[in-house]
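Contents: one structure, followed by commentary.
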Amino acid sequence: MTFFLSHSPDSGTAQGKRLVVIGGRPRFYKAAKMKKAVATLEAMLLPHKPAQPVPSPVRLTIHWEFPWRKSETKRNMARGSMPHTKRPDLSNLIKELEDLLSVHRFIEDDAGVAQLVLHKTWGNDPGISIRIEPLEEA
């Protein structure tokens with residue numbers, strides 16, 4: 001299963017979780033920016049929801065393409081894309097997306113992801129490309 005979410009990826013990531021202590025007990029919550037990013041991502045994912053989840057184990061390949069920065073040179077933009085080396089961190093981008101894929105039954109469980117291939121670039125076609133494929137069990 002392969003699909004593309006055409007939008008400018010949000011910078012709200014798993015680092016958007018906050019901690020507050022209530023009655024001496026720690027409570028975690030999502031910051032407003034992160035809630036908005038998750039809601040947007042969720043709305044874009046749902047039209048692609050499969051009838052049945054891809055059975056574990058799976059290979060998950062995700063490519064985030066962010067729009068070019070305003071300060072980017074024409075020479076770099078002529079390349080089509082180039083590695084994105086600024087925030088948000090790639091490891092933080094995957095956490096919420098992987099959870100949403102599990103919650104909405106694209107995959108059976110995020111623990112069933114046996115191979116994870118991630119890319120993050122600047123480019124001309126902003127969005128998130130997602131590929132979920134079953135792996136053959138040994």
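Labels used: A, B, ... for chains in the order of the structure tokens, numbers from 1 for residues in each chain, and numbers from 1 for ligands as shown.
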
### For range 124-132 of chain A: contacts at 8 Å, only C-alpha atoms, fewer than 2 positions along chain excluded, given as a VMD selection string
chain A and resid 1 to 9 54 58 to 68 77 80 to 81 122 134

### helix (DSSP H, G or I) per DSSP on the backbone: members of chain A, as a PyMOL selection string
chain A and resi 14-16+32-48+74-78+90-103+110-112

### Message
Applying 12 Å and only C-alpha atoms, which residues near Pro47 in chain A remain after dropping the ones on its own chain fewer than 2 positions away? List them as number ranges by chain.
### Response
A: 3-5, 41-45, 49-51, 104, 106

### Task
For each of A:Pro53, A:Thr121, A:Arg27, A:Leu19, take the minimum atom-to-atom distance to Glu133 in chain A, counting only C-alpha atoms, then give the residue where this is smallest.
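Nearest candidate to Glu133 in chain A out of A:Pro53, A:Thr121, A:Arg27, A:Leu19: A:Pro53.
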
### Coordinates-based distance that separates CA of Ile22 in chain A from CA of Glu98 in chain A (Å, one decimal)
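Answer for the CA of Glu98 in chain A to CA of Ile22 in chain A separation: 29.1 Å.
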
### Task
Go ahead and compute the interatomic distance for CA of Gly123 in chain A and CA of Ala32 in chain A, in Å to one decimal.
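Between CA of Gly123 in chain A and CA of Ala32 in chain A the gap is 27.3 Å.
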
#### Entry: Picked from range 11-111 of chain A by DSSP as strand (DSSP E or B), as JSON, numbers by chain
{"A": [17, 18, 19, 20, 21, 22, 25, 26, 27, 28, 29, 30, 54, 58, 59, 60, 61, 62, 63, 64, 65, 66, 67, 81, 82, 83, 107]}

Now that the selection is made, can you save its residues with N, CA and C atoms as a PDB file, in the first residue's frame?
```
ATOM      1  N   LYS A  17       4.774  17.097  23.472  1.00  0.00           N
ATOM      2  CA  LYS A  17       4.149  16.623  24.701  1.00  0.00           C
ATOM      3  C   LYS A  17       4.709  17.419  25.872  1.00  0.00           C
ATOM      4  N   ARG A  18       3.841  17.742  26.796  1.00  0.00           N
ATOM      5  CA  ARG A  18       4.220  18.538  27.963  1.00  0.00           C
ATOM      6  C   ARG A  18       3.896  17.774  29.233  1.00  0.00           C
ATOM      7  N   LEU A  19       4.489  18.203  30.339  1.00  0.00           N
ATOM      8  CA  LEU A  19       4.308  17.575  31.637  1.00  0.00           C
ATOM      9  C   LEU A  19       3.822  18.606  32.628  1.00  0.00           C
ATOM     10  N   VAL A  20       2.831  18.226  33.428  1.00  0.00           N
ATOM     11  CA  VAL A  20       2.344  19.061  34.518  1.00  0.00           C
ATOM     12  C   VAL A  20       2.147  18.127  35.717  1.00  0.00           C
ATOM     13  N   VAL A  21       2.397  18.637  36.918  1.00  0.00           N
ATOM     14  CA  VAL A  21       2.213  17.841  38.123  1.00  0.00           C
ATOM     15  C   VAL A  21       0.924  18.296  38.796  1.00  0.00           C
ATOM     16  N   ILE A  22      -0.026  17.365  38.947  1.00  0.00           N
ATOM     17  CA  ILE A  22      -1.309  17.647  39.584  1.00  0.00           C
ATOM     18  C   ILE A  22      -1.466  16.701  40.769  1.00  0.00           C
ATOM     19  N   ARG A  25       1.206  14.089  41.223  1.00  0.00           N
ATOM     20  CA  ARG A  25       1.372  13.057  40.200  1.00  0.00           C
ATOM     21  C   ARG A  25       1.617  13.704  38.844  1.00  0.00           C
ATOM     22  N   PRO A  26       2.608  13.205  38.128  1.00  0.00           N
ATOM     23  CA  PRO A  26       2.885  13.778  36.798  1.00  0.00           C
ATOM     24  C   PRO A  26       1.809  13.383  35.795  1.00  0.00           C
ATOM     25  N   ARG A  27       1.417  14.340  34.941  1.00  0.00           N
ATOM     26  CA  ARG A  27       0.449  14.107  33.870  1.00  0.00           C
ATOM     27  C   ARG A  27       1.043  14.656  32.579  1.00  0.00           C
ATOM     28  N   PHE A  28       0.948  13.867  31.529  1.00  0.00           N
ATOM     29  CA  PHE A  28       1.423  14.313  30.229  1.00  0.00           C
ATOM     30  C   PHE A  28       0.233  14.776  29.396  1.00  0.00           C
ATOM     31  N   TYR A  29       0.434  15.789  28.591  1.00  0.00           N
ATOM     32  CA  TYR A  29      -0.600  16.268  27.684  1.00  0.00           C
ATOM     33  C   TYR A  29       0.066  16.791  26.422  1.00  0.00           C
ATOM     34  N   LYS A  30      -0.743  16.956  25.376  1.00  0.00           N
ATOM     35  CA  LYS A  30      -0.232  17.457  24.100  1.00  0.00           C
ATOM     36  C   LYS A  30      -0.438  18.963  24.030  1.00  0.00           C
ATOM     37  N   VAL A  54      -2.475  -4.052   7.311  1.00  0.00           N
ATOM     38  CA  VAL A  54      -1.392  -4.854   6.731  1.00  0.00           C
ATOM     39  C   VAL A  54      -0.847  -5.728   7.860  1.00  0.00           C
ATOM     40  N   VAL A  58       5.911  -5.694   9.144  1.00  0.00           N
ATOM     41  CA  VAL A  58       5.823  -4.787   8.007  1.00  0.00           C
ATOM     42  C   VAL A  58       7.092  -3.960   7.843  1.00  0.00           C
ATOM     43  N   ARG A  59       7.268  -3.490   6.596  1.00  0.00           N
ATOM     44  CA  ARG A  59       8.300  -2.503   6.293  1.00  0.00           C
ATOM     45  C   ARG A  59       7.548  -1.190   6.072  1.00  0.00           C
ATOM     46  N   LEU A  60       7.953  -0.166   6.799  1.00  0.00           N
ATOM     47  CA  LEU A  60       7.324   1.140   6.708  1.00  0.00           C
ATOM     48  C   LEU A  60       8.347   2.105   6.119  1.00  0.00           C
ATOM     49  N   THR A  61       8.013   2.673   4.952  1.00  0.00           N
ATOM     50  CA  THR A  61       8.895   3.627   4.285  1.00  0.00           C
ATOM     51  C   THR A  61       8.168   4.961   4.230  1.00  0.00           C
ATOM     52  N   ILE A  62       8.773   5.989   4.825  1.00  0.00           N
ATOM     53  CA  ILE A  62       8.135   7.301   4.883  1.00  0.00           C
ATOM     54  C   ILE A  62       9.114   8.369   4.424  1.00  0.00           C
ATOM     55  N   HIS A  63       8.622   9.238   3.539  1.00  0.00           N
ATOM     56  CA  HIS A  63       9.442  10.340   3.030  1.00  0.00           C
ATOM     57  C   HIS A  63       8.695  11.645   3.271  1.00  0.00           C
ATOM     58  N   TRP A  64       9.270  12.494   4.110  1.00  0.00           N
ATOM     59  CA  TRP A  64       8.736  13.833   4.342  1.00  0.00           C
ATOM     60  C   TRP A  64       9.458  14.793   3.409  1.00  0.00           C
ATOM     61  N   GLU A  65       8.695  15.553   2.649  1.00  0.00           N
ATOM     62  CA  GLU A  65       9.293  16.583   1.802  1.00  0.00           C
ATOM     63  C   GLU A  65       8.729  17.933   2.245  1.00  0.00           C
ATOM     64  N   PHE A  66       9.606  18.762   2.766  1.00  0.00           N
ATOM     65  CA  PHE A  66       9.227  20.086   3.253  1.00  0.00           C
ATOM     66  C   PHE A  66       9.405  21.104   2.137  1.00  0.00           C
ATOM     67  N   PRO A  67       8.588  22.172   2.120  1.00  0.00           N
ATOM     68  CA  PRO A  67       8.757  23.193   1.081  1.00  0.00           C
ATOM     69  C   PRO A  67      10.089  23.911   1.254  1.00  0.00           C
ATOM     70  N   SER A  81      15.396  18.436  -5.036  1.00  0.00           N
ATOM     71  CA  SER A  81      15.303  18.191  -3.600  1.00  0.00           C
ATOM     72  C   SER A  81      16.701  18.077  -3.026  1.00  0.00           C
ATOM     73  N   MET A  82      16.788  18.258  -1.719  1.00  0.00           N
ATOM     74  CA  MET A  82      18.057  18.072  -1.017  1.00  0.00           C
ATOM     75  C   MET A  82      17.768  17.713   0.430  1.00  0.00           C
ATOM     76  N   PRO A  83      18.697  17.066   1.120  1.00  0.00           N
ATOM     77  CA  PRO A  83      18.446  16.626   2.495  1.00  0.00           C
ATOM     78  C   PRO A  83      18.053  17.786   3.416  1.00  0.00           C
ATOM     79  N   ILE A 107      -1.832  -0.578  10.103  1.00  0.00           N
ATOM     80  CA  ILE A 107      -0.988  -1.696  10.522  1.00  0.00           C
ATOM     81  C   ILE A 107      -1.616  -2.287  11.784  1.00  0.00           C
TER      82      ILE A 107
END
```

### Task
Quote the spacing between CA of Leu97 in chain A and CA of Ala31 in chain A in Å to one decimal place.
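About the pair CA of Leu97 in chain A and CA of Ala31 in chain A: they are 16.4 Å apart.
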
### Task
Can you work out which one of A:Thr85, A:Ser56, A:Ser91, A:Thr73 has the shortest atom-to-atom distance to Ala114 in chain A, counting only C-alpha atoms?
A:Ser56
